[in-house]
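Undergrad: Got a file for you: data-v3.pdb, PDB, C-alpha atoms.
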```
MODEL        1
ATOM      1  CA  MET A 170      16.231 -14.917 -20.385
ATOM      2  CA  ASN A 171      14.582 -12.172 -22.351
ATOM      3  CA  TRP A 172      13.770  -9.402 -19.889
ATOM      4  CA  PHE A 173      11.526  -7.649 -22.365
ATOM      5  CA  TYR A 174       9.308 -10.684 -22.792
ATOM      6  CA  PHE A 175       7.203  -9.737 -19.767
ATOM      7  CA  ALA A 176       7.353  -6.022 -20.596
ATOM      8  CA  SER A 177       4.511  -6.589 -23.032
ATOM      9  CA  PRO A 178       1.046  -6.203 -21.457
ATOM     10  CA  SER A 179      -0.243  -9.382 -23.092
ATOM     11  CA  THR A 180       2.421 -11.651 -21.544
ATOM     12  CA  PHE A 181       2.494  -9.787 -18.234
ATOM     13  CA  TYR A 182      -1.278 -10.175 -17.915
ATOM     14  CA  GLY A 183      -0.884 -13.930 -17.595
ATOM     15  CA  LEU A 184       2.166 -13.759 -15.355
ATOM     16  CA  ALA A 185       0.452 -11.292 -12.985
ATOM     17  CA  GLY A 186      -2.571 -13.568 -12.807
ATOM     18  CA  ARG A 187      -0.425 -16.510 -11.767
ATOM     19  CA  MET A 188       1.602 -14.528  -9.212
ATOM     20  CA  ALA A 189      -1.174 -12.566  -7.467
ATOM     21  CA  PRO A 190      -2.775 -15.484  -5.536
ATOM     22  CA  TRP A 191       0.625 -16.520  -4.130
ATOM     23  CA  CYS A 192       1.243 -12.957  -2.982
ATOM     24  CA  PHE A 193      -2.068 -12.989  -1.082
ATOM     25  CA  VAL A 194      -1.356 -16.404   0.450
ATOM     26  CA  ALA A 195       2.073 -15.203   1.593
ATOM     27  CA  ALA A 196       0.516 -11.987   2.937
ATOM     28  CA  ALA A 197      -2.092 -13.934   4.931
ATOM     29  CA  LEU A 198       0.462 -16.331   6.425
ATOM     30  CA  LEU A 199       2.870 -13.537   7.349
ATOM     31  CA  ALA A 200       0.040 -11.439   8.800
ATOM     32  CA  ALA A 201      -1.138 -14.378  10.934
ATOM     33  CA  TRP A 202       2.385 -14.899  12.257
ATOM     34  CA  GLY A 203       3.043 -11.191  12.729
ATOM     35  CA  LEU A 204      -0.263 -10.549  14.519
ATOM     36  CA  PHE A 205       0.320 -13.546  16.764
ATOM     37  CA  LEU A 206       3.709 -12.150  17.785
ATOM     38  CA  GLY A 207       2.586  -8.541  17.966
ATOM     39  CA  LEU A 208      -0.771  -8.829  19.677
ATOM     40  CA  LEU A 209      -0.361 -11.971  21.767
ATOM     41  CA  VAL A 210       3.298 -12.694  22.513
ATOM     42  CA  ALA A 211       5.128  -9.356  22.622
ATOM     43  CA  PRO A 212       5.193  -7.744  26.074
ATOM     44  CA  THR A 213       3.454  -4.435  26.715
ATOM     45  CA  ASP A 214       5.648  -1.357  26.495
ATOM     46  CA  ALA A 215       6.681  -0.141  29.940
ATOM     47  CA  GLN A 216       6.250   3.550  29.093
ATOM     48  CA  GLN A 217       3.379   3.635  26.618
ATOM     49  CA  GLY A 218       1.289   0.674  27.683
ATOM     50  CA  ALA A 219      -0.645  -1.527  25.280
ATOM     51  CA  VAL A 220      -1.364   1.262  22.784
ATOM     52  CA  TYR A 221       2.153   0.813  21.396
ATOM     53  CA  ARG A 222       0.792  -2.341  19.677
ATOM     54  CA  VAL A 223      -0.429  -0.042  16.934
ATOM     55  CA  ILE A 224       3.240  -0.104  15.857
ATOM     56  CA  PHE A 225       2.733  -3.487  14.157
ATOM     57  CA  ILE A 226       0.530  -1.866  11.529
ATOM     58  CA  HIS A 227       1.687   1.751  11.784
ATOM     59  CA  VAL A 228       5.334   1.227  10.880
ATOM     60  CA  PRO A 229       4.772  -1.338   8.078
ATOM     61  CA  THR A 230       2.109   0.843   6.389
ATOM     62  CA  ALA A 231       4.286   3.949   6.792
ATOM     63  CA  TRP A 232       7.266   2.145   5.244
ATOM     64  CA  MET A 233       5.098   0.851   2.407
ATOM     65  CA  SER A 234       3.609   4.311   1.809
ATOM     66  CA  MET A 235       7.097   5.624   1.040
ATOM     67  CA  PHE A 236       8.433   2.533  -0.714
ATOM     68  CA  LEU A 237       5.394   2.264  -2.997
ATOM     69  CA  TYR A 238       5.691   5.943  -3.893
ATOM     70  CA  PHE A 239       9.329   5.433  -4.807
ATOM     71  CA  LEU A 240       8.471   2.352  -6.873
ATOM     72  CA  MET A 241       5.641   4.238  -8.588
ATOM     73  CA  ALA A 242       8.019   7.092  -9.449
ATOM     74  CA  CYS A 243      10.539   4.582 -10.865
ATOM     75  CA  TYR A 244       7.866   3.129 -13.151
ATOM     76  CA  CYS A 245       6.903   6.698 -14.118
ATOM     77  CA  ALA A 246      10.528   7.448 -15.026
ATOM     78  CA  LEU A 247      10.716   4.236 -17.079
ATOM     79  CA  SER A 248       7.528   5.112 -18.912
ATOM     80  CA  LEU A 249       8.796   8.626 -19.695
ATOM     81  CA  ILE A 250      12.253   7.506 -20.816
ATOM     82  CA  PHE A 251      11.392   4.359 -22.773
ATOM     83  CA  ASN A 252       7.756   5.184 -23.523
ATOM     84  CA  THR A 253       6.753   1.693 -22.376
ATOM     85  CA  ARG A 254       3.053   1.104 -21.907
ATOM     86  CA  LEU A 255       3.329  -1.434 -19.122
ATOM     87  CA  SER A 256       5.414   0.779 -16.813
ATOM     88  CA  ALA A 257       2.771   3.500 -16.955
ATOM     89  CA  MET A 258       0.100   0.908 -16.163
ATOM     90  CA  MET A 259       2.157  -0.405 -13.229
ATOM     91  CA  ALA A 260       2.536   3.122 -11.841
ATOM     92  CA  ARG A 261      -1.229   3.622 -12.067
ATOM     93  CA  ALA A 262      -1.797   0.233 -10.417
ATOM     94  CA  ILE A 263       0.459   1.051  -7.456
ATOM     95  CA  ALA A 264      -1.046   4.463  -6.648
ATOM     96  CA  PRO A 265      -4.350   3.457  -4.945
ATOM     97  CA  THR A 266      -2.646   0.877  -2.718
ATOM     98  CA  GLY A 267       0.053   3.429  -1.880
ATOM     99  CA  ALA A 268      -2.613   5.968  -0.966
ATOM    100  CA  MET A 269      -4.367   3.366   1.198
ATOM    101  CA  MET A 270      -1.104   2.576   3.051
ATOM    102  CA  THR A 271      -0.486   6.301   3.577
ATOM    103  CA  PHE A 272      -3.996   6.795   4.917
ATOM    104  CA  ILE A 273      -3.664   3.885   7.351
ATOM    105  CA  ALA A 274      -0.256   5.147   8.523
ATOM    106  CA  LEU A 275      -1.810   8.558   9.258
ATOM    107  CA  TRP A 276      -4.942   7.092  10.829
ATOM    108  CA  THR A 277      -3.126   4.646  13.111
ATOM    109  CA  GLY A 278      -0.670   7.424  13.974
ATOM    110  CA  ALA A 279      -3.593   9.595  15.081
ATOM    111  CA  PHE A 280      -4.992   6.862  17.315
ATOM    112  CA  TRP A 281      -1.551   6.227  18.741
ATOM    113  CA  GLY A 282      -0.925   9.935  19.228
ATOM    114  CA  ARG A 283      -4.097  10.683  21.207
ATOM    115  CA  PRO A 284      -3.174   8.661  24.351
ATOM    116  CA  THR A 285       0.595   9.269  24.093
ATOM    117  CA  TRP A 286       0.811  12.944  22.999
ATOM    118  CA  GLY A 287      -2.690  14.045  23.983
ATOM    119  CA  ALA A 288      -3.749  14.940  20.433
ATOM    120  CA  TYR A 289      -4.977  13.090  17.363
ATOM    121  CA  TRP A 290      -3.170  15.519  15.114
ATOM    122  CA  VAL A 291      -0.365  18.044  15.401
ATOM    123  CA  TRP A 292       1.197  20.063  12.575
ATOM    124  CA  ASP A 293       4.523  18.392  13.101
ATOM    125  CA  ALA A 294       7.145  17.891  10.359
ATOM    126  CA  ARG A 295       6.744  14.100  10.156
ATOM    127  CA  LEU A 296       2.945  14.149  10.175
ATOM    128  CA  THR A 297       2.668  17.060   7.756
ATOM    129  CA  SER A 298       5.077  15.583   5.211
ATOM    130  CA  GLU A 299       3.241  12.238   5.378
ATOM    131  CA  LEU A 300      -0.028  14.109   4.757
ATOM    132  CA  VAL A 301       1.634  15.777   1.749
ATOM    133  CA  LEU A 302       2.449  12.248   0.516
ATOM    134  CA  LEU A 303      -1.252  11.346   0.668
ATOM    135  CA  PHE A 304      -2.095  14.444  -1.401
ATOM    136  CA  LEU A 305       0.668  13.545  -3.881
ATOM    137  CA  TYR A 306      -0.981  10.145  -4.389
ATOM    138  CA  PHE A 307      -4.393  11.818  -4.832
ATOM    139  CA  GLY A 308      -2.912  14.394  -7.222
ATOM    140  CA  TYR A 309      -1.199  11.669  -9.219
ATOM    141  CA  ILE A 310      -4.409   9.628  -9.538
ATOM    142  CA  ALA A 311      -6.485  12.691 -10.481
ATOM    143  CA  LEU A 312      -3.980  13.894 -13.072
ATOM    144  CA  ALA A 313      -3.542  10.425 -14.596
ATOM    145  CA  ASN A 314      -7.296  10.240 -15.214
ATOM    146  CA  ALA A 315      -7.779  13.884 -16.261
ATOM    147  CA  PHE A 316      -7.105  13.362 -19.970
ATOM    148  CA  GLU A 317      -9.162  11.828 -22.729
ATOM    149  CA  ASP A 318      -6.011  10.227 -24.114
ATOM    150  CA  PRO A 319      -4.552   7.922 -21.405
ATOM    151  CA  ARG A 320      -1.019   8.325 -22.799
ATOM    152  CA  ARG A 321      -1.155  12.070 -22.094
ATOM    153  CA  GLY A 322      -2.402  11.280 -18.606
ATOM    154  CA  ASP A 323       0.548   8.917 -18.190
ATOM    155  CA  ARG A 324       3.079  11.597 -19.096
ATOM    156  CA  ALA A 325       1.577  14.441 -17.065
ATOM    157  CA  SER A 326       1.110  12.319 -13.947
ATOM    158  CA  ALA A 327       4.567  10.761 -14.315
ATOM    159  CA  LEU A 328       6.111  14.220 -14.105
ATOM    160  CA  LEU A 329       4.148  15.012 -10.971
ATOM    161  CA  ALA A 330       5.137  11.690  -9.374
ATOM    162  CA  ILE A 331       8.836  12.223 -10.147
ATOM    163  CA  ILE A 332       8.876  15.779  -8.779
ATOM    164  CA  GLY A 333       7.071  14.514  -5.672
ATOM    165  CA  VAL A 334       9.943  12.126  -4.848
ATOM    166  CA  ILE A 335      11.585  15.111  -3.154
ATOM    167  CA  ASN A 336       9.040  14.638  -0.357
ATOM    168  CA  LEU A 337      10.378  11.155   0.529
ATOM    169  CA  PRO A 338      13.702  12.214   2.142
ATOM    170  CA  ILE A 339      11.776  15.013   3.849
ATOM    171  CA  ILE A 340       9.473  12.431   5.483
ATOM    172  CA  TYR A 341      12.322  10.103   6.343
ATOM    173  CA  PHE A 342      14.694  12.664   7.846
ATOM    174  CA  SER A 343      12.008  14.943   9.311
ATOM    175  CA  VAL A 344      12.526  13.456  12.770
ATOM    176  CA  GLN A 345      16.207  14.443  12.636
ATOM    177  CA  TRP A 346      15.980  17.776  10.815
ATOM    178  CA  TRP A 347      13.242  19.344  12.909
ATOM    179  CA  ASN A 348      12.196  19.298  16.494
ATOM    180  CA  THR A 349       9.308  16.926  16.410
ATOM    181  CA  LEU A 350       6.957  15.102  18.704
ATOM    182  CA  HIS A 351       7.338  11.993  16.597
ATOM    183  CA  GLN A 352       9.852   9.532  17.945
ATOM    184  CA  GLY A 353      12.995   8.775  15.956
ATOM    185  CA  ALA A 354      13.558   5.638  13.926
ATOM    186  CA  SER A 355      13.217   2.452  15.994
ATOM    187  CA  VAL A 356      15.175   0.535  13.395
ATOM    188  CA  SER A 357      18.173   2.064  11.641
ATOM    189  CA  PHE A 358      21.415   0.976  10.079
ATOM    190  CA  ARG A 359      23.040   1.358  13.488
ATOM    191  CA  GLY A 360      20.784  -1.284  14.984
ATOM    192  CA  THR A 361      17.601  -1.220  16.944
ATOM    193  CA  SER A 362      16.301  -0.075  20.296
ATOM    194  CA  MET A 363      13.501  -2.615  20.397
ATOM    195  CA  HIS A 364      12.655  -5.792  22.231
ATOM    196  CA  VAL A 365      13.375  -8.755  19.950
ATOM    197  CA  THR A 366       9.771 -10.075  19.768
ATOM    198  CA  MET A 367       8.491  -6.575  18.993
ATOM    199  CA  LEU A 368      11.084  -6.182  16.263
ATOM    200  CA  THR A 369      10.360  -9.597  14.753
ATOM    201  CA  GLY A 370       6.617  -8.926  14.799
ATOM    202  CA  MET A 371       7.116  -5.588  13.081
ATOM    203  CA  LEU A 372       9.371  -7.030  10.390
ATOM    204  CA  VAL A 373       7.016  -9.956   9.739
ATOM    205  CA  MET A 374       4.096  -7.533   9.444
ATOM    206  CA  SER A 375       6.178  -5.487   7.000
ATOM    207  CA  GLY A 376       6.640  -8.618   4.915
ATOM    208  CA  ALA A 377       2.868  -9.113   4.983
ATOM    209  CA  ALA A 378       2.273  -5.510   3.894
ATOM    210  CA  TRP A 379       4.793  -5.975   1.106
ATOM    211  CA  MET A 380       3.126  -9.141  -0.181
ATOM    212  CA  TYR A 381      -0.354  -7.639   0.089
ATOM    213  CA  ALA A 382       0.728  -4.556  -1.867
ATOM    214  CA  ALA A 383       2.273  -6.768  -4.552
ATOM    215  CA  GLY A 384      -0.910  -8.864  -4.837
ATOM    216  CA  ALA A 385      -3.235  -5.858  -4.966
ATOM    217  CA  THR A 386      -1.028  -4.116  -7.541
ATOM    218  CA  LEU A 387      -0.908  -7.179  -9.765
ATOM    219  CA  VAL A 388      -4.694  -7.632  -9.643
ATOM    220  CA  ARG A 389      -5.186  -3.938 -10.412
ATOM    221  CA  VAL A 390      -2.684  -3.889 -13.262
ATOM    222  CA  ARG A 391      -4.580  -6.773 -14.870
ATOM    223  CA  ALA A 392      -7.777  -4.705 -14.817
ATOM    224  CA  ILE A 393      -5.898  -1.700 -16.214
ATOM    225  CA  ILE A 394      -4.412  -3.835 -19.007
ATOM    226  CA  LEU A 395      -7.921  -5.023 -19.928
ATOM    227  CA  GLU A 396      -9.254  -1.450 -19.835
ATOM    228  CA  ARG A 397      -6.557  -0.060 -22.055
ATOM    229  CA  GLU A 398      -5.982  -2.956 -24.420
ATOM    230  CA  ARG A 399      -9.630  -3.854 -24.907
ATOM    231  CA  ARG A 400      -9.512  -3.084 -28.626
ATOM    232  CA  THR A 401      -6.557  -5.407 -29.267
ATOM    233  CA  GLN A 402      -6.922  -8.854 -30.711
ATOM    234  CA  TRP A 403      -5.373 -10.740 -27.799
ATOM    235  CA  VAL A 404      -7.857  -9.285 -25.307
ATOM    236  CA  ARG A 405     -10.756 -10.251 -27.576
ATOM    237  CA  ASP A 406      -9.419 -13.757 -27.895
ATOM    238  CA  LEU A 407      -9.183 -13.905 -24.110
ATOM    239  CA  GLY A 408     -12.948 -13.856 -23.513
ATOM    240  CA  ALA A 409     -13.798 -15.924 -26.565
ATOM    241  CA  ALA A 410     -11.635 -18.827 -25.433
TER     242      ALA A 410
ATOM    243  CA  MET B  77       7.564 -18.054  23.547
ATOM    244  CA  SER B  78       4.483 -17.610  25.676
ATOM    245  CA  ILE B  79       1.261 -15.613  25.475
ATOM    246  CA  TYR B  80       1.563 -12.300  27.270
ATOM    247  CA  TRP B  81      -2.082 -12.041  28.364
ATOM    248  CA  ASN B  82      -3.725 -13.956  31.192
ATOM    249  CA  SER B  83      -7.180 -14.004  29.642
ATOM    250  CA  TRP B  84      -9.070 -13.013  26.488
ATOM    251  CA  SER B  85     -10.875 -10.222  28.316
ATOM    252  CA  GLU B  86      -7.514  -8.777  29.305
ATOM    253  CA  PHE B  87      -6.435  -9.034  25.676
ATOM    254  CA  TRP B  88      -9.513  -7.207  24.358
ATOM    255  CA  ALA B  89      -9.166  -4.515  27.034
ATOM    256  CA  MET B  90      -5.600  -3.718  25.874
ATOM    257  CA  GLY B  91      -4.681  -2.264  29.228
ATOM    258  CA  GLY B  92      -7.384   0.403  28.934
ATOM    259  CA  HIS B  93      -6.314   1.399  25.412
ATOM    260  CA  ALA B  94      -8.849  -0.843  23.664
ATOM    261  CA  TYR B  95     -10.509   2.056  21.807
ATOM    262  CA  PHE B  96      -7.260   3.312  20.257
ATOM    263  CA  VAL B  97      -5.800  -0.089  19.439
ATOM    264  CA  TRP B  98      -8.971  -1.551  17.911
ATOM    265  CA  MET B  99      -9.841   1.632  16.005
ATOM    266  CA  SER B 100      -6.427   1.298  14.357
ATOM    267  CA  TYR B 101      -6.658  -2.398  13.542
ATOM    268  CA  GLY B 102     -10.329  -2.050  12.568
ATOM    269  CA  ALA B 103      -9.532   0.734  10.107
ATOM    270  CA  LEU B 104      -6.867  -1.407   8.464
ATOM    271  CA  LEU B 105      -9.287  -4.321   8.157
ATOM    272  CA  ALA B 106     -11.957  -2.035   6.678
ATOM    273  CA  ALA B 107      -9.453  -0.553   4.211
ATOM    274  CA  LEU B 108      -8.389  -4.013   3.036
ATOM    275  CA  VAL B 109     -12.004  -5.127   2.552
ATOM    276  CA  VAL B 110     -12.861  -1.932   0.635
ATOM    277  CA  GLU B 111      -9.823  -2.294  -1.619
ATOM    278  CA  MET B 112     -10.669  -5.929  -2.402
ATOM    279  CA  ILE B 113     -14.267  -4.961  -3.289
ATOM    280  CA  LEU B 114     -13.054  -2.103  -5.518
ATOM    281  CA  LEU B 115     -10.544  -4.381  -7.248
ATOM    282  CA  ARG B 116     -13.218  -6.959  -8.015
ATOM    283  CA  ALA B 117     -15.584  -4.274  -9.293
ATOM    284  CA  ARG B 118     -12.903  -2.798 -11.530
ATOM    285  CA  ARG B 119     -12.091  -6.152 -13.105
ATOM    286  CA  LYS B 120     -15.798  -6.821 -13.647
ATOM    287  CA  ARG B 121     -16.248  -3.415 -15.342
ATOM    288  CA  ALA B 122     -13.240  -4.029 -17.581
ATOM    289  CA  LEU B 123     -14.578  -7.426 -18.662
ATOM    290  CA  GLU B 124     -18.018  -5.910 -19.384
ATOM    291  CA  ALA B 125     -16.406  -3.192 -21.494
ATOM    292  CA  ILE B 126     -14.683  -5.889 -23.551
ATOM    293  CA  GLU B 127     -18.030  -7.645 -24.075
ATOM    294  CA  GLU B 128     -19.631  -4.390 -25.257
ATOM    295  CA  GLU B 129     -16.752  -3.818 -27.631
ATOM    296  CA  ARG B 130     -17.231  -7.323 -29.025
ATOM    297  CA  ASP B 131     -20.991  -6.871 -29.408
ATOM    298  CA  LEU B 132     -20.490  -3.593 -31.270
ATOM    299  CA  GLU B 133     -18.078  -5.348 -33.576
ATOM    300  CA  ALA B 134     -20.569  -8.129 -34.251
ATOM    301  CA  GLU B 135     -23.306  -5.618 -35.144
ATOM    302  CA  ASN B 136     -21.121  -3.925 -37.711
TER     303      ASN B 136
ENDMDL
END
```
Translate this file's structure into structure tokens.
TA:
Amino acid sequence: MNWFYFASPSTFYGLAGRMAPWCFVAAALLAAWGLFLGLLVAPTDAQQGAVYRVIFIHVPTAWMSMFLYFLMACYCALSLIFNTRLSAMMARAIAPTGAMMTFIALWTGAFWGRPTWGAYWVWDARLTSELVLLFLYFGYIALANAFEDPRRGDRASALLAIIGVINLPIIYFSVQWWNTLHQGASVSFRGTSMHVTMLTGMLVMSGAAWMYAAGATLVRVRAIILERERRTQWVRDLGAA
Amino acid sequence: MSIYWNSWSEFWAMGGHAYFVWMSYGALLAALVVEMILLRARRKRALEAIEEERDLEAEN
């Protein structure tokens, strides 16, 4: 198999178009299963009450916010090192969905925090570093679009994204490094402290978030390919056919 | 595997935490809808730009 075959925007455009609907179907099925488990089957938490059910969207979106940033930075590194057009487009396509996941993680955290901690927001290490992540996404998007020449935007924003990776371990380990209100990891390499239905629901919802992010990114990268390749012959032939 | 709640009203009430739970889930739903609308709009704009490009070409 030629791995570089799909590294060209013209071939990837078609592949992304075929994959995206399946990603959304998978996301919908997983979300239906995950919500069923999380909202209907899983028992209420003895200490926190029903508000803990926010976990089924809070944890998956928080995981995705970090994972998508990492993936975006990897594409940025690829585009800087190999000067490949498609990697820069993929990085740009991931950013808005990553920002959305970050926002939802912060928002749901606020609505979980109010009844459990007594405040929507505290300047705690975990919350603050996640807020920094949201600003990194915004900064990346703004910088990528700040130049007349998109290739310059690609390079400048790629640098910002790569430097910003330093924030990821800070978010992840913040609950261990600092005294924080935020609870520690419910799932770690040492196992889990959760009820099995809760855990399953959370993992299934994470799968849904993953599939949704993939679908949204693929749809967006197709639009970006059209925007940036609109003067090429293959794009012209696309509409004429 | 059985349903935890005894009734739908109990489900919607979320043990008194309805406001916090549904504000969270509602925000996610709203965010997904907004993103889908933006994605559609962006694709539409890109396709229109291609048409313009083609029309310009035809004029020349």
Undergrad: Once the PyMOL selection byres ((chain A) within 8 of (chain B)) has been applied to the shown file, what residues remain in the selection, as a ChimeraX atom specification?
TA: /A:209-212,218-220,222-223,226,266,269,273,276-277,280-281,284,385,388-389,391-393,395-396,399-400,404-405
Undergrad: Using CA of Ala196 (chain A) and CA of Val373 (chain A) as the two end points, give the distance in Å to one decimal.
TA: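 About the pair CA of Ala196 (chain A) and CA of Val373 (chain A): they are 9.6 Å apart.
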Undergrad: Here is a test: counting only C-alpha atoms, which residue of A:Ala313, A:Ala257, A:Leu198, A:Ala189 is nearest to Ile394 (chain A)?
TA: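 Ranked by minimum distance to Ile394 (chain A), first place goes to A:Ala257.
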Undergrad: Can you turn the PyMOL selection byres ((chain A and resi 341-343) around 12) into a concrete residue list for this file, as a ChimeraX atom specification?
TA: /A:231-232,234-236,293-299,302,334-340,344-354,357
Undergrad: When you get a chance, write out N, CA and C atoms for region 99-124 of chain B, as an mmCIF file, keeping the file's coordinate frame.
TA:
```cif
data_model
loop_
_atom_site.group_PDB
_atom_site.id
_atom_site.type_symbol
_atom_site.label_atom_id
_atom_site.label_comp_id
_atom_site.auth_asym_id
_atom_site.auth_seq_id
_atom_site.Cartn_x
_atom_site.Cartn_y
_atom_site.Cartn_z
ATOM 1 N N MET B 99 -9.508 0.697 17.084
ATOM 2 C CA MET B 99 -9.841 1.632 16.005
ATOM 3 C C MET B 99 -8.765 1.584 14.917
ATOM 4 N N SER B 100 -7.520 1.380 15.322
ATOM 5 C CA SER B 100 -6.427 1.298 14.357
ATOM 6 C C SER B 100 -6.521 0.012 13.543
ATOM 7 N N TYR B 101 -6.612 -1.119 14.238
ATOM 8 C CA TYR B 101 -6.658 -2.398 13.542
ATOM 9 C C TYR B 101 -7.948 -2.532 12.734
ATOM 10 N N GLY B 102 -9.050 -2.004 13.279
ATOM 11 C CA GLY B 102 -10.329 -2.050 12.568
ATOM 12 C C GLY B 102 -10.278 -1.263 11.269
ATOM 13 N N ALA B 103 -9.635 -0.099 11.315
ATOM 14 C CA ALA B 103 -9.532 0.734 10.107
ATOM 15 C C ALA B 103 -8.731 0.007 9.035
ATOM 16 N N LEU B 104 -7.670 -0.663 9.439
ATOM 17 C CA LEU B 104 -6.867 -1.407 8.464
ATOM 18 C C LEU B 104 -7.711 -2.507 7.824
ATOM 19 N N LEU B 105 -8.437 -3.243 8.674
ATOM 20 C CA LEU B 105 -9.287 -4.321 8.157
ATOM 21 C C LEU B 105 -10.312 -3.764 7.172
ATOM 22 N N ALA B 106 -10.955 -2.651 7.552
ATOM 23 C CA ALA B 106 -11.957 -2.035 6.678
ATOM 24 C C ALA B 106 -11.321 -1.612 5.351
ATOM 25 N N ALA B 107 -10.128 -1.019 5.424
ATOM 26 C CA ALA B 107 -9.453 -0.553 4.211
ATOM 27 C C ALA B 107 -9.143 -1.729 3.282
ATOM 28 N N LEU B 108 -8.711 -2.846 3.856
ATOM 29 C CA LEU B 108 -8.389 -4.013 3.036
ATOM 30 C C LEU B 108 -9.648 -4.550 2.355
ATOM 31 N N VAL B 109 -10.750 -4.625 3.116
ATOM 32 C CA VAL B 109 -12.004 -5.127 2.552
ATOM 33 C C VAL B 109 -12.474 -4.211 1.417
ATOM 34 N N VAL B 110 -12.433 -2.889 1.664
ATOM 35 C CA VAL B 110 -12.861 -1.932 0.635
ATOM 36 C C VAL B 110 -12.002 -2.079 -0.617
ATOM 37 N N GLU B 111 -10.685 -2.195 -0.446
ATOM 38 C CA GLU B 111 -9.823 -2.294 -1.619
ATOM 39 C C GLU B 111 -10.127 -3.565 -2.422
ATOM 40 N N MET B 112 -10.361 -4.672 -1.707
ATOM 41 C CA MET B 112 -10.669 -5.929 -2.402
ATOM 42 C C MET B 112 -11.978 -5.809 -3.201
ATOM 43 N N ILE B 113 -12.989 -5.148 -2.592
ATOM 44 C CA ILE B 113 -14.267 -4.961 -3.289
ATOM 45 C C ILE B 113 -14.060 -4.093 -4.535
ATOM 46 N N LEU B 114 -13.299 -2.995 -4.387
ATOM 47 C CA LEU B 114 -13.054 -2.103 -5.518
ATOM 48 C C LEU B 114 -12.295 -2.819 -6.635
ATOM 49 N N LEU B 115 -11.325 -3.658 -6.246
ATOM 50 C CA LEU B 115 -10.544 -4.381 -7.248
ATOM 51 C C LEU B 115 -11.428 -5.336 -8.054
ATOM 52 N N ARG B 116 -12.302 -6.044 -7.337
ATOM 53 C CA ARG B 116 -13.218 -6.959 -8.015
ATOM 54 C C ARG B 116 -14.129 -6.205 -8.980
ATOM 55 N N ALA B 117 -14.664 -5.067 -8.489
ATOM 56 C CA ALA B 117 -15.584 -4.274 -9.293
ATOM 57 C C ALA B 117 -14.879 -3.757 -10.548
ATOM 58 N N ARG B 118 -13.626 -3.349 -10.388
ATOM 59 C CA ARG B 118 -12.903 -2.798 -11.530
ATOM 60 C C ARG B 118 -12.657 -3.864 -12.592
ATOM 61 N N ARG B 119 -12.314 -5.057 -12.161
ATOM 62 C CA ARG B 119 -12.091 -6.152 -13.105
ATOM 63 C C ARG B 119 -13.394 -6.488 -13.831
ATOM 64 N N LYS B 120 -14.499 -6.506 -13.065
ATOM 65 C CA LYS B 120 -15.798 -6.821 -13.647
ATOM 66 C C LYS B 120 -16.166 -5.780 -14.719
ATOM 67 N N ARG B 121 -15.958 -4.493 -14.382
ATOM 68 C CA ARG B 121 -16.248 -3.415 -15.342
ATOM 69 C C ARG B 121 -15.411 -3.568 -16.605
ATOM 70 N N ALA B 122 -14.134 -3.891 -16.434
ATOM 71 C CA ALA B 122 -13.240 -4.029 -17.581
ATOM 72 C C ALA B 122 -13.708 -5.170 -18.486
ATOM 73 N N LEU B 123 -14.122 -6.276 -17.869
ATOM 74 C CA LEU B 123 -14.578 -7.426 -18.662
ATOM 75 C C LEU B 123 -15.877 -7.088 -19.398
ATOM 76 N N GLU B 124 -16.764 -6.322 -18.735
ATOM 77 C CA GLU B 124 -18.018 -5.910 -19.384
ATOM 78 C C GLU B 124 -17.748 -5.004 -20.574
#
```
